[in-house]
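Undergrad: File protein-v1.txt follows (compact mmCIF, C-alpha atoms and all ligand atoms):
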```txt
# COMPACT_ATOMS: atom_id res chain seq x y z
CA MET A 1 -2.18 30.12 13.97
CA ASN A 2 0.18 27.65 12.33
CA THR A 3 3.83 28.28 13.10
CA ALA A 4 6.09 28.00 10.09
CA HIS A 5 8.98 25.53 10.27
CA LEU A 6 12.13 25.64 8.19
CA TRP A 7 13.79 22.25 7.74
CA HIS A 8 17.27 22.90 6.40
CA ASN A 9 20.67 21.32 5.76
CA ALA A 10 19.26 18.54 3.58
CA ARG A 11 19.89 16.89 0.24
CA LEU A 12 16.38 16.77 -1.18
CA ALA A 13 15.10 14.13 -3.60
CA THR A 14 11.87 15.90 -4.54
CA LEU A 15 10.80 13.37 -7.24
CA CYS A 16 9.49 16.35 -9.19
CA GLY A 17 9.97 16.12 -12.96
CA GLU A 18 11.34 13.06 -14.75
CA GLY A 19 14.28 12.21 -12.50
CA TRP A 20 15.12 12.28 -8.80
CA GLY A 21 14.68 16.06 -8.57
CA LEU A 22 17.80 16.45 -6.42
CA ILE A 23 18.44 19.73 -4.62
CA ASP A 24 21.71 20.04 -2.70
CA ASP A 25 21.76 22.27 0.37
CA GLY A 26 17.99 22.24 0.18
CA ALA A 27 15.32 23.30 2.61
CA LEU A 28 11.60 22.87 3.19
CA LEU A 29 9.27 25.42 4.69
CA THR A 30 6.19 23.88 6.26
CA GLU A 31 3.04 25.48 7.65
CA GLY A 32 0.73 23.20 9.56
CA GLU A 33 0.30 19.95 7.67
CA ARG A 34 1.49 21.35 4.33
CA ILE A 35 4.71 22.17 2.54
CA ALA A 36 4.74 25.90 1.79
CA TRP A 37 8.02 26.06 -0.13
CA VAL A 38 10.87 23.77 -1.28
CA GLY A 39 14.21 24.80 -2.79
CA PRO A 40 17.87 25.65 -2.21
CA LEU A 41 18.30 27.25 1.23
CA ALA A 42 19.87 30.31 -0.38
CA GLU A 43 16.61 31.00 -2.20
CA ARG A 44 14.30 30.72 0.82
CA PRO A 45 11.39 33.13 0.92
CA ASP A 46 11.00 35.94 3.46
CA ALA A 47 8.46 33.89 5.39
CA ALA A 48 11.32 31.57 6.40
CA ARG A 49 12.89 34.29 8.55
CA SER A 50 10.40 33.97 11.38
CA ALA A 51 10.13 30.17 11.08
CA GLN A 52 11.25 27.73 13.73
CA THR A 53 14.37 26.02 12.32
CA HIS A 54 15.28 22.34 12.30
CA ASP A 55 18.70 21.08 11.15
CA LEU A 56 18.40 17.85 9.13
CA GLY A 57 22.12 17.17 9.52
CA GLY A 58 22.98 17.12 5.81
CA ARG A 59 20.87 14.01 5.29
CA LEU A 60 19.06 12.80 2.22
CA VAL A 61 15.37 13.72 2.47
CA THR A 62 12.61 12.10 0.42
CA PRO A 63 8.83 12.20 0.46
CA GLY A 64 7.34 9.96 3.16
CA LEU A 65 6.86 6.43 1.88
CA ILE A 66 3.41 5.13 0.95
CA ASP A 67 2.44 1.47 1.29
CA CYS A 68 -0.63 1.26 -0.94
CA HIS A 69 -1.67 -2.41 -0.52
CA THR A 70 -1.71 -4.20 2.83
CA HIS A 71 -3.89 -6.66 4.70
CA LEU A 72 -2.57 -5.53 8.07
CA VAL A 73 -5.50 -6.39 10.37
CA TYR A 74 -5.88 -10.09 11.15
CA GLY A 75 -5.71 -12.61 13.95
CA GLY A 76 -3.02 -15.28 14.32
CA GLN A 77 -0.39 -16.09 11.72
CA ARG A 78 0.30 -18.87 9.23
CA ALA A 79 3.85 -20.09 9.74
CA ALA A 80 2.57 -23.67 9.86
CA GLU A 81 1.01 -23.24 6.42
CA ALA A 82 4.27 -21.84 5.07
CA GLU A 83 5.92 -24.95 6.44
CA MET A 84 3.35 -27.13 4.61
CA ARG A 85 4.16 -25.33 1.39
CA LEU A 86 7.83 -25.94 1.94
CA ASN A 87 6.93 -29.59 2.34
CA GLY A 88 5.33 -29.55 -1.10
CA ALA A 89 1.68 -28.45 -0.80
CA SER A 90 0.53 -25.72 -3.24
CA TYR A 91 -1.24 -22.49 -2.20
CA GLU A 92 -4.34 -23.54 -4.15
CA ALA A 93 -4.39 -27.00 -2.53
CA ILE A 94 -4.14 -25.49 0.95
CA ALA A 95 -6.92 -22.98 0.12
CA ARG A 96 -9.19 -25.74 -1.23
CA ALA A 97 -8.60 -27.80 1.92
CA GLY A 98 -10.03 -24.95 4.03
CA GLY A 99 -6.65 -23.61 5.12
CA GLY A 100 -5.19 -20.45 3.74
CA ILE A 101 -7.30 -17.33 4.00
CA ARG A 102 -10.06 -19.19 5.87
CA SER A 103 -7.82 -20.14 8.77
CA THR A 104 -6.98 -16.46 9.21
CA VAL A 105 -10.70 -15.65 9.03
CA ALA A 106 -11.35 -18.01 11.95
CA ALA A 107 -8.50 -16.48 13.97
CA THR A 108 -9.65 -12.94 13.15
CA ARG A 109 -13.25 -13.62 14.19
CA ALA A 110 -12.02 -15.15 17.45
CA ALA A 111 -9.71 -12.23 18.33
CA SER A 112 -10.85 -9.31 20.50
CA ASP A 113 -10.83 -5.79 19.06
CA ASP A 114 -7.93 -4.88 21.32
CA ALA A 115 -5.93 -7.93 20.26
CA LEU A 116 -6.54 -7.09 16.60
CA PHE A 117 -5.50 -3.51 17.25
CA ALA A 118 -2.38 -4.46 19.19
CA SER A 119 -1.04 -6.83 16.52
CA ALA A 120 -1.89 -4.53 13.60
CA ALA A 121 -0.45 -1.47 15.37
CA ARG A 122 2.79 -3.38 15.97
CA ARG A 123 3.00 -4.17 12.27
CA ALA A 124 2.14 -0.59 11.33
CA GLN A 125 4.94 0.60 13.61
CA ALA A 126 7.47 -1.56 11.75
CA LEU A 127 6.43 0.07 8.47
CA MET A 128 6.45 3.55 10.04
CA ASP A 129 9.96 3.02 11.40
CA GLU A 130 11.06 2.68 7.77
CA GLY A 131 9.58 6.00 6.73
CA VAL A 132 5.98 5.08 5.86
CA THR A 133 3.62 8.02 6.39
CA THR A 134 0.56 6.78 4.42
CA LEU A 135 -0.71 3.24 4.73
CA GLU A 136 -3.55 1.48 2.98
CA ILE A 137 -5.23 -1.27 5.02
CA LYS A 138 -7.76 -3.71 3.58
CA SER A 139 -10.38 -5.69 5.40
CA GLY A 140 -11.02 -9.20 4.09
CA TYR A 141 -10.38 -11.51 7.03
CA GLY A 142 -13.71 -10.91 8.77
CA LEU A 143 -16.10 -11.84 5.92
CA SER A 144 -19.25 -11.00 7.88
CA LEU A 145 -20.73 -7.53 8.23
CA GLU A 146 -19.79 -7.29 11.89
CA ALA A 147 -16.29 -8.76 11.52
CA GLU A 148 -15.46 -6.66 8.45
CA ALA A 149 -16.68 -3.55 10.28
CA ARG A 150 -14.49 -4.42 13.29
CA CYS A 151 -11.40 -4.80 11.11
CA LEU A 152 -12.05 -1.50 9.33
CA ARG A 153 -12.60 0.25 12.67
CA VAL A 154 -9.30 -1.16 13.91
CA ALA A 155 -7.62 0.18 10.76
CA ARG A 156 -9.16 3.62 11.31
CA ARG A 157 -8.08 3.55 14.96
CA ILE A 158 -4.45 2.99 13.92
CA GLY A 159 -4.64 6.19 11.89
CA LEU A 160 -6.19 8.07 14.81
CA GLU A 161 -3.73 6.87 17.43
CA ARG A 162 -0.53 6.95 15.39
CA ARG A 163 1.12 9.70 13.38
CA LEU A 164 0.14 7.96 10.16
CA ASP A 165 -2.50 8.54 7.48
CA VAL A 166 -4.48 5.31 7.05
CA ARG A 167 -6.67 4.69 3.99
CA THR A 168 -9.15 1.85 4.32
CA THR A 169 -10.28 -0.55 1.60
CA PHE A 170 -13.24 -2.91 1.90
CA LEU A 171 -12.23 -6.35 0.61
CA GLY A 172 -15.31 -8.36 1.57
CA ALA A 173 -14.90 -10.29 -1.69
CA HIS A 174 -11.59 -11.78 -0.57
CA ALA A 175 -12.65 -15.38 0.10
CA LEU A 176 -15.84 -17.37 0.62
CA PRO A 177 -16.60 -17.72 4.34
CA PRO A 178 -17.56 -21.24 5.50
CA GLU A 179 -21.21 -20.31 6.17
CA PHE A 180 -21.59 -19.55 2.43
CA GLU A 181 -19.91 -22.75 1.20
CA GLY A 182 -21.18 -23.53 -2.31
CA ARG A 183 -23.13 -20.24 -2.43
CA ALA A 184 -20.65 -17.72 -3.79
CA ASP A 185 -23.32 -15.65 -5.56
CA ALA A 186 -25.31 -15.37 -2.35
CA TYR A 187 -22.17 -14.24 -0.57
CA ILE A 188 -21.59 -11.54 -3.19
CA ASP A 189 -25.20 -10.40 -2.64
CA ALA A 190 -24.36 -10.07 1.06
CA VAL A 191 -21.12 -8.16 0.37
CA CYS A 192 -23.04 -5.71 -1.83
CA GLN A 193 -25.62 -5.25 0.93
CA TRP A 194 -23.00 -4.61 3.62
CA LEU A 195 -21.23 -1.92 1.65
CA PRO A 196 -23.76 0.93 2.19
CA ALA A 197 -23.69 0.37 5.97
CA LEU A 198 -19.90 0.31 6.11
CA HIS A 199 -19.73 3.39 3.91
CA ALA A 200 -22.31 5.22 6.05
CA GLU A 201 -20.08 4.62 9.06
CA GLY A 202 -17.18 6.26 7.21
CA LEU A 203 -15.15 3.06 7.09
CA VAL A 204 -14.54 2.75 3.35
CA ASP A 205 -12.19 4.78 1.16
CA ALA A 206 -12.13 2.21 -1.68
CA VAL A 207 -13.49 -1.23 -2.62
CA ASP A 208 -11.37 -4.20 -3.71
CA ALA A 209 -11.99 -7.84 -4.70
CA PHE A 210 -9.94 -10.98 -5.33
CA CYS A 211 -10.74 -11.96 -8.93
CA GLU A 212 -9.24 -15.43 -9.33
CA THR A 213 -10.15 -19.09 -9.79
CA ILE A 214 -9.72 -19.53 -6.02
CA GLY A 215 -11.42 -16.17 -5.38
CA PHE A 216 -14.36 -14.64 -7.26
CA SER A 217 -15.30 -14.65 -10.93
CA PRO A 218 -15.27 -11.56 -13.17
CA ALA A 219 -19.10 -11.56 -13.11
CA GLN A 220 -19.10 -11.57 -9.29
CA THR A 221 -16.40 -8.92 -9.21
CA ARG A 222 -18.50 -6.75 -11.52
CA ARG A 223 -21.41 -6.88 -9.09
CA VAL A 224 -19.19 -5.69 -6.25
CA PHE A 225 -17.92 -2.87 -8.45
CA GLU A 226 -21.46 -1.85 -9.37
CA ALA A 227 -22.33 -1.62 -5.68
CA ALA A 228 -19.25 0.57 -5.15
CA ARG A 229 -20.11 2.76 -8.10
CA ALA A 230 -23.64 3.27 -6.79
CA LEU A 231 -22.07 4.84 -3.68
CA GLY A 232 -19.45 6.81 -5.61
CA LEU A 233 -16.62 4.73 -4.13
CA PRO A 234 -13.45 4.07 -6.16
CA VAL A 235 -12.43 0.48 -6.90
CA LYS A 236 -9.18 -1.51 -7.14
CA LEU A 237 -8.61 -5.17 -7.90
CA HIS A 238 -6.42 -8.16 -7.06
CA ALA A 239 -6.08 -9.06 -10.73
CA GLU A 240 -4.27 -11.73 -12.76
CA GLN A 241 -2.16 -12.95 -9.83
CA LEU A 242 -2.35 -16.68 -10.53
CA SER A 243 -4.17 -16.71 -13.90
CA ASP A 244 -5.53 -14.31 -16.54
CA GLN A 245 -9.19 -13.69 -15.66
CA GLY A 246 -9.52 -10.47 -17.64
CA GLY A 247 -9.88 -8.73 -14.29
CA ALA A 248 -7.65 -5.78 -15.16
CA ALA A 249 -9.78 -4.81 -18.17
CA LEU A 250 -12.93 -5.20 -16.08
CA ALA A 251 -11.51 -3.01 -13.31
CA ALA A 252 -10.31 -0.44 -15.84
CA SER A 253 -13.83 -0.25 -17.29
CA PHE A 254 -14.88 0.95 -13.82
CA GLY A 255 -12.08 3.53 -13.78
CA ALA A 256 -10.17 1.55 -11.14
CA LEU A 257 -7.50 3.37 -9.15
CA SER A 258 -5.24 0.34 -9.40
CA CYS A 259 -4.88 -3.27 -10.44
CA ASP A 260 -2.58 -5.23 -8.19
CA HIS A 261 -0.30 -8.30 -8.64
CA LEU A 262 -0.67 -8.66 -12.48
CA GLU A 263 1.78 -11.53 -13.10
CA HIS A 264 -0.62 -12.91 -15.76
CA LEU A 265 -1.70 -9.54 -17.21
CA SER A 266 -2.47 -9.59 -20.97
CA ALA A 267 -1.79 -6.95 -23.63
CA ASP A 268 -5.51 -6.12 -23.63
CA GLY A 269 -5.39 -5.58 -19.89
CA ILE A 270 -2.44 -3.22 -20.25
CA ALA A 271 -4.21 -1.20 -22.94
CA ALA A 272 -7.35 -0.93 -20.83
CA MET A 273 -5.36 0.17 -17.77
CA LYS A 274 -3.52 2.78 -19.82
CA ALA A 275 -6.77 4.17 -21.23
CA ALA A 276 -8.34 4.38 -17.76
CA GLY A 277 -5.29 5.83 -15.99
CA THR A 278 -5.18 2.80 -13.69
CA VAL A 279 -1.98 2.24 -11.69
CA ALA A 280 -0.22 -1.16 -11.80
CA VAL A 281 0.65 -2.14 -8.23
CA LEU A 282 3.50 -4.67 -8.17
CA LEU A 283 3.79 -7.00 -5.19
CA PRO A 284 7.15 -8.78 -5.35
CA GLY A 285 6.86 -10.07 -1.78
CA ALA A 286 3.98 -12.40 -2.73
CA PHE A 287 5.79 -13.39 -5.93
CA TYR A 288 8.81 -14.31 -3.83
CA MET A 289 6.94 -16.13 -1.06
CA LEU A 290 4.91 -18.20 -3.56
CA ARG A 291 8.10 -18.87 -5.53
CA GLU A 292 6.32 -17.76 -8.70
CA THR A 293 8.12 -17.84 -12.01
CA GLN A 294 5.70 -15.84 -14.20
CA LEU A 295 6.89 -12.22 -14.14
CA PRO A 296 4.47 -9.31 -14.51
CA PRO A 297 4.88 -7.72 -17.98
CA ILE A 298 7.06 -4.85 -16.78
CA ALA A 299 8.57 -3.89 -20.13
CA ALA A 300 5.12 -3.71 -21.73
CA LEU A 301 3.71 -1.68 -18.83
CA ARG A 302 6.66 0.69 -19.08
CA GLU A 303 6.29 0.92 -22.86
CA ALA A 304 2.58 1.69 -22.53
CA GLY A 305 3.25 4.35 -19.91
CA VAL A 306 1.14 2.70 -17.20
CA PRO A 307 2.29 4.12 -13.83
CA MET A 308 3.80 1.44 -11.61
CA ALA A 309 3.61 1.34 -7.83
CA VAL A 310 5.25 -1.15 -5.44
CA SER A 311 3.83 -2.38 -2.17
CA THR A 312 4.43 -4.98 0.54
CA ASP A 313 1.01 -6.72 0.16
CA HIS A 314 1.58 -7.50 3.83
CA ASN A 315 -0.64 -10.48 4.72
CA PRO A 316 -0.14 -13.62 6.81
CA GLY A 317 -0.44 -16.05 3.91
CA THR A 318 1.59 -14.95 0.94
CA ALA A 319 3.59 -11.92 2.07
CA PRO A 320 4.41 -11.72 5.77
CA GLY A 321 7.05 -9.03 5.14
CA LEU A 322 7.02 -5.68 6.89
CA SER A 323 9.58 -3.75 4.87
CA LEU A 324 8.53 -1.48 2.02
CA LEU A 325 12.21 -0.91 1.22
CA LEU A 326 12.66 -4.65 0.77
CA ALA A 327 9.66 -4.65 -1.58
CA ALA A 328 11.34 -1.88 -3.59
CA HIS A 329 14.58 -3.85 -3.64
CA MET A 330 12.75 -6.98 -4.82
CA ALA A 331 10.89 -4.99 -7.48
CA CYS A 332 14.32 -4.18 -8.92
CA THR A 333 15.88 -7.62 -8.46
CA PHE A 334 12.96 -9.79 -9.57
CA PHE A 335 10.96 -7.46 -11.83
CA ARG A 336 13.84 -5.33 -13.19
CA LEU A 337 12.41 -2.00 -12.22
CA THR A 338 15.00 0.74 -12.19
CA PRO A 339 15.74 2.23 -8.75
CA LEU A 340 13.99 5.44 -9.83
CA GLU A 341 10.89 3.47 -10.86
CA ALA A 342 10.94 1.55 -7.58
CA VAL A 343 11.27 4.71 -5.47
CA ARG A 344 8.51 6.45 -7.43
CA GLY A 345 6.56 3.24 -6.89
CA ILE A 346 6.65 3.62 -3.10
CA THR A 347 5.93 7.36 -3.16
CA LEU A 348 4.32 9.20 -6.06
CA ASN A 349 2.71 6.28 -7.89
CA ALA A 350 1.62 4.65 -4.63
CA ALA A 351 -0.24 7.89 -3.88
CA ARG A 352 -1.90 7.72 -7.30
CA ALA A 353 -2.91 4.10 -6.60
CA LEU A 354 -4.84 5.50 -3.62
CA GLY A 355 -6.32 8.36 -5.61
CA LEU A 356 -4.20 10.89 -3.71
CA SER A 357 -2.52 13.79 -5.51
CA ASP A 358 -1.42 15.69 -2.39
CA ARG A 359 1.60 13.52 -1.52
CA GLY A 360 4.47 11.52 -2.97
CA GLN A 361 6.63 14.50 -3.95
CA LEU A 362 8.34 17.33 -2.13
CA ALA A 363 6.60 20.39 -3.54
CA ALA A 364 4.64 23.39 -2.31
CA GLY A 365 1.07 22.42 -1.49
CA GLN A 366 1.87 18.77 -0.78
CA ARG A 367 1.39 17.24 2.66
CA ALA A 368 4.43 17.79 4.86
CA ASP A 369 5.29 14.08 4.94
CA PHE A 370 9.00 13.40 4.58
CA ALA A 371 11.79 11.17 5.81
CA ALA A 372 15.49 11.81 6.45
CA TRP A 373 17.83 8.96 5.61
CA ASP A 374 21.35 7.99 6.49
CA LEU A 375 22.09 7.70 2.75
CA ASP A 376 23.90 9.74 0.11
CA HIS A 377 21.64 9.06 -2.87
CA PRO A 378 18.00 7.97 -3.23
CA ASN A 379 19.01 5.02 -5.43
CA GLU A 380 20.24 3.43 -2.18
CA LEU A 381 16.62 3.06 -1.06
CA ALA A 382 16.29 0.16 -3.50
CA TYR A 383 19.84 -1.10 -2.96
CA TRP A 384 20.44 -2.06 0.67
CA PHE A 385 18.27 -4.75 2.16
CA GLY A 386 17.83 -6.05 5.68
CA HIS A 387 18.87 -2.66 7.03
CA ASN A 388 16.87 0.41 8.00
CA PRO A 389 18.60 3.70 7.13
CA CYS A 390 15.60 5.85 8.15
CA GLN A 391 16.68 8.49 10.69
CA ARG A 392 13.78 10.89 11.13
CA VAL A 393 10.19 11.06 9.95
CA ILE A 394 8.06 14.20 9.68
CA ALA A 395 4.38 13.33 9.18
CA ALA A 396 1.75 16.01 8.53
CA GLY A 397 4.29 18.65 9.50
CA GLN A 398 5.27 17.15 12.86
CA GLU A 399 8.32 15.13 13.72
CA ARG A 400 7.59 11.66 15.02
CA PRO A 401 9.15 10.99 18.40
N1 LIG B 501 -3.98 -12.33 -2.79
C1 LIG B 501 -2.97 -12.56 -1.95
O1 LIG B 501 -1.83 -12.73 -2.25
C2 LIG B 501 -3.50 -12.49 -0.59
N2 LIG B 501 -4.85 -12.18 -0.82
C3 LIG B 501 -5.09 -12.10 -2.09
O2 LIG B 501 -6.19 -11.83 -2.54
C4 LIG B 501 -3.36 -13.76 0.17
C5 LIG B 501 -4.09 -13.67 1.45
C6 LIG B 501 -3.90 -14.87 2.33
O3 LIG B 501 -3.40 -15.93 1.88
O4 LIG B 501 -4.25 -14.76 3.51
FE FE B 502 -3.26 -8.43 -1.47
```
Let me see the file written as structure tokens.

TA:
Amino acid sequence: MNTAHLWHNARLATLCGEGWGLIDDGALLTEGERIAWVGPLAERPDAARSAQTHDLGGRLVTPGLIDCHTHLVYGGQRAAEAEMRLNGASYEAIARAGGGIRSTVAATRAASDDALFASAARRAQALMDEGVTTLEIKSGYGLSLEAEARCLRVARRIGLERRLDVRTTFLGAHALPPEFEGRADAYIDAVCQWLPALHAEGLVDAVDAFCETIGFSPAQTRRVFEAARALGLPVKLHAEQLSDQGGAALAASFGALSCDHLEHLSADGIAAMKAAGTVAVLLPGAFYMLRETQLPPIAALREAGVPMAVSTDHNPGTAPGLSLLLAAHMACTFFRLTPLEAVRGITLNAARALGLSDRGQLAAGQRADFAAWDLDHPNELAYWFGHNPCQRVIAAGQERP
């Protein structure tokens, strides 16, 4: 039998409705992994009487944070490449010279499973310490069936061994591995053939691709999406990061959960995303690290009513950050999101970008994932930076040690 727990003495930011959904002197009743009731303490239901009580110390409480786009599992790091860029080399030039993603592929293939797990788990812990309770992790640094499977297994293992819900995304179409040099179409054939095996092993929640001049063409991306659709797997896309490839409209035509990056997104792409209910995932950390100047079309996305999420895009090349709060802050500073949009972007809309409707708000029936903060108002989540105000995290109904 699940014991009920009453979490009281909190200022709740439920994110229900249009605004913050603030409830002063609020409480949450949880049963097992779910929220059974949320409201002012004075209105608690009878079931709360026999519940085990937990005093949240008057703190602000929000839904657990959701990082919906990370490349967390990889070997090595690329500080030397960042140094090259600071000395004038472009990201494209480094990628063409066999550096970039490929150097991480070599380091990932050379690393043991335990080394991959240890480094990724350390990074996951940094995100968790800041209130993250759901984390998406992509493959994409193995680029062979065996190495992609290893990375996805490591991602799954993080979810099994930590109090964290991990969603895995297969990103075989991230870069061309050296053994397929000059044979991108043959590599896409291979990626499409690997997918059923990875799916059969339960390693794939969604399928992603890097549609870009230095990645894969729209026609190649379409083939990957068709392979996903044949298995009933949802798709997402790294779209219009460095140029407008029409990737967002392509992804939307497959009912994509999300299109991510989007600095070069066109009006047609926005309309297609709106029609398909596709979430726009904004990645200001990569924008910052690459010192981009082309802003994603935020006002047009807002005007069209396309839901916007915000994520770290954690990866060793273009976004080595491990703070989702900093990403939210940057989404406001660089992209002019409002604090409410940014906070919805790391909770509710991040859940939607993963196809999840059972989290991202504090409401009855949602997963009991929430964080208590040393803050007065939720707008502070997108205000402070370089500081972690997270005090306590309850994930799937249990407090993290
Ligand atoms: N877009 C990115 O920003 C990352 N991957 C992608 O498709 C970069 C990954 C890397 O440089 O290692
Ligand atoms: Fe990415």

Undergrad: Taking all atoms listed in the file into account, which residues have an atom no farther than 7 Å from ligand LIG 501 (chain B)? I'd like them as a count of residues only.

TA: 12

Undergrad: In terms of the shortest atom-to-atom distance over all atoms listed in the file, which of A:Val224, A:Arg352, A:Ala106, A:Gln52 is closest to Gln77 (chain A)?

TA: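 Ranked by minimum distance to Gln77 (chain A), first place goes to A:Ala106.
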
Undergrad: As JSON, numbers by chain, please: the residues near region 108-113 of chain A (cut-off 10 Å, only C-alpha atoms, same-chain neighbours under 4 positions excluded).

TA: {"A": [73, 74, 75, 76, 77, 102, 103, 104, 117, 118, 140, 141, 142, 143, 144, 146, 147, 148, 150, 151, 153, 154]}

Undergrad: Which residue gives the smallest distance to Val393 (chain A) among A:Leu41, A:Leu145, A:Met128, A:Met289, with only C-alpha atoms counted?

TA: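 Of A:Leu41, A:Leu145, A:Met128, A:Met289, the one nearest Val393 (chain A), counting only C-alpha atoms, is A:Met128.
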
Undergrad: Write as a list in words the residues around ligand FE 502 (chain B), taking 8 Å as the cut-off and counting all atoms listed in the file.

TA: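 Residues lying within 8 Å of ligand FE 502 (chain B): His69, Thr70, His71, His238, Asp260, His261, Asp313, His314 and Asn315 of chain A.
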
Undergrad: Nearest to Pro177 (chain A) among A:Val105, A:Ala353, A:Ala190, A:Ala124, with distances taken over all atoms listed in the file: which residue is it?

TA: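 Looking only at the distances to Pro177 (chain A), the closest residue turns out to be A:Val105.
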
Undergrad: Excluding Gln125 (chain A) and any residue of its chain fewer than 5 positions from it, enumerate the residues within 12 Å of it, using all atoms listed in the file, and give them as an MDAnalysis selection string.

TA: chainID A and resid 72 117:120 130:135 158:159 161:164 322:323 400

Undergrad: For region 306-321 of chain A, where the input has fewer atoms than it should, I would like N, CA, C and O atoms rebuilt and written as an mmCIF file, in the coordinates of the input.

TA:
```cif
data_model
loop_
_atom_site.group_PDB
_atom_site.id
_atom_site.type_symbol
_atom_site.label_atom_id
_atom_site.label_comp_id
_atom_site.auth_asym_id
_atom_site.auth_seq_id
_atom_site.Cartn_x
_atom_site.Cartn_y
_atom_site.Cartn_z
ATOM 1 N N VAL A 306 2.009 2.932 -18.368
ATOM 2 C CA VAL A 306 1.140 2.700 -17.200
ATOM 3 C C VAL A 306 1.973 2.969 -15.945
ATOM 4 O O VAL A 306 3.041 2.396 -15.788
ATOM 5 N N PRO A 307 1.511 3.856 -15.050
ATOM 6 C CA PRO A 307 2.290 4.120 -13.830
ATOM 7 C C PRO A 307 2.387 2.866 -12.966
ATOM 8 O O PRO A 307 1.406 2.138 -12.815
ATOM 9 N N MET A 308 3.581 2.640 -12.428
ATOM 10 C CA MET A 308 3.800 1.440 -11.610
ATOM 11 C C MET A 308 4.072 1.826 -10.157
ATOM 12 O O MET A 308 4.911 2.683 -9.884
ATOM 13 N N ALA A 309 3.363 1.178 -9.252
ATOM 14 C CA ALA A 309 3.610 1.340 -7.830
ATOM 15 C C ALA A 309 4.132 0.008 -7.283
ATOM 16 O O ALA A 309 4.023 -1.030 -7.941
ATOM 17 N N VAL A 310 4.697 0.049 -6.098
ATOM 18 C CA VAL A 310 5.250 -1.150 -5.440
ATOM 19 C C VAL A 310 4.753 -1.149 -4.005
ATOM 20 O O VAL A 310 4.742 -0.101 -3.356
ATOM 21 N N SER A 311 4.335 -2.319 -3.537
ATOM 22 C CA SER A 311 3.830 -2.380 -2.170
ATOM 23 C C SER A 311 4.238 -3.702 -1.515
ATOM 24 O O SER A 311 4.661 -4.651 -2.180
ATOM 25 N N THR A 312 4.061 -3.749 -0.187
ATOM 26 C CA THR A 312 4.430 -4.980 0.540
ATOM 27 C C THR A 312 3.394 -6.084 0.354
ATOM 28 O O THR A 312 3.726 -7.254 0.492
ATOM 29 N N ASP A 313 2.090 -5.737 0.113
ATOM 30 C CA ASP A 313 1.010 -6.720 0.160
ATOM 31 C C ASP A 313 1.002 -7.432 1.515
ATOM 32 O O ASP A 313 0.629 -8.610 1.599
ATOM 33 N N HIS A 314 1.442 -6.757 2.570
ATOM 34 C CA HIS A 314 1.580 -7.500 3.830
ATOM 35 C C HIS A 314 0.310 -8.299 4.132
ATOM 36 O O HIS A 314 -0.788 -7.745 4.204
ATOM 37 N N ASN A 315 0.461 -9.599 4.294
ATOM 38 C CA ASN A 315 -0.640 -10.480 4.720
ATOM 39 C C ASN A 315 -0.007 -11.746 5.301
ATOM 40 O O ASN A 315 1.155 -12.043 5.024
ATOM 41 N N PRO A 316 -0.762 -12.484 6.114
ATOM 42 C CA PRO A 316 -0.140 -13.620 6.810
ATOM 43 C C PRO A 316 0.077 -14.845 5.929
ATOM 44 O O PRO A 316 0.799 -15.757 6.328
ATOM 45 N N GLY A 317 -0.540 -14.850 4.729
ATOM 46 C CA GLY A 317 -0.440 -16.050 3.910
ATOM 47 C C GLY A 317 0.668 -16.010 2.885
ATOM 48 O O GLY A 317 1.516 -16.912 2.820
ATOM 49 N N THR A 318 0.681 -14.950 2.081
ATOM 50 C CA THR A 318 1.590 -14.950 0.940
ATOM 51 C C THR A 318 2.657 -13.858 0.987
ATOM 52 O O THR A 318 3.508 -13.797 0.101
ATOM 53 N N ALA A 319 2.603 -12.996 2.000
ATOM 54 C CA ALA A 319 3.590 -11.920 2.070
ATOM 55 C C ALA A 319 3.710 -11.393 3.499
ATOM 56 O O ALA A 319 3.267 -10.284 3.794
ATOM 57 N N PRO A 320 4.320 -12.177 4.385
ATOM 58 C CA PRO A 320 4.410 -11.720 5.770
ATOM 59 C C PRO A 320 5.529 -10.697 6.030
ATOM 60 O O PRO A 320 5.932 -10.499 7.168
ATOM 61 N N GLY A 321 5.972 -10.018 4.985
ATOM 62 C CA GLY A 321 7.050 -9.030 5.140
ATOM 63 C C GLY A 321 6.534 -7.698 5.649
ATOM 64 O O GLY A 321 5.400 -7.320 5.405
#
```
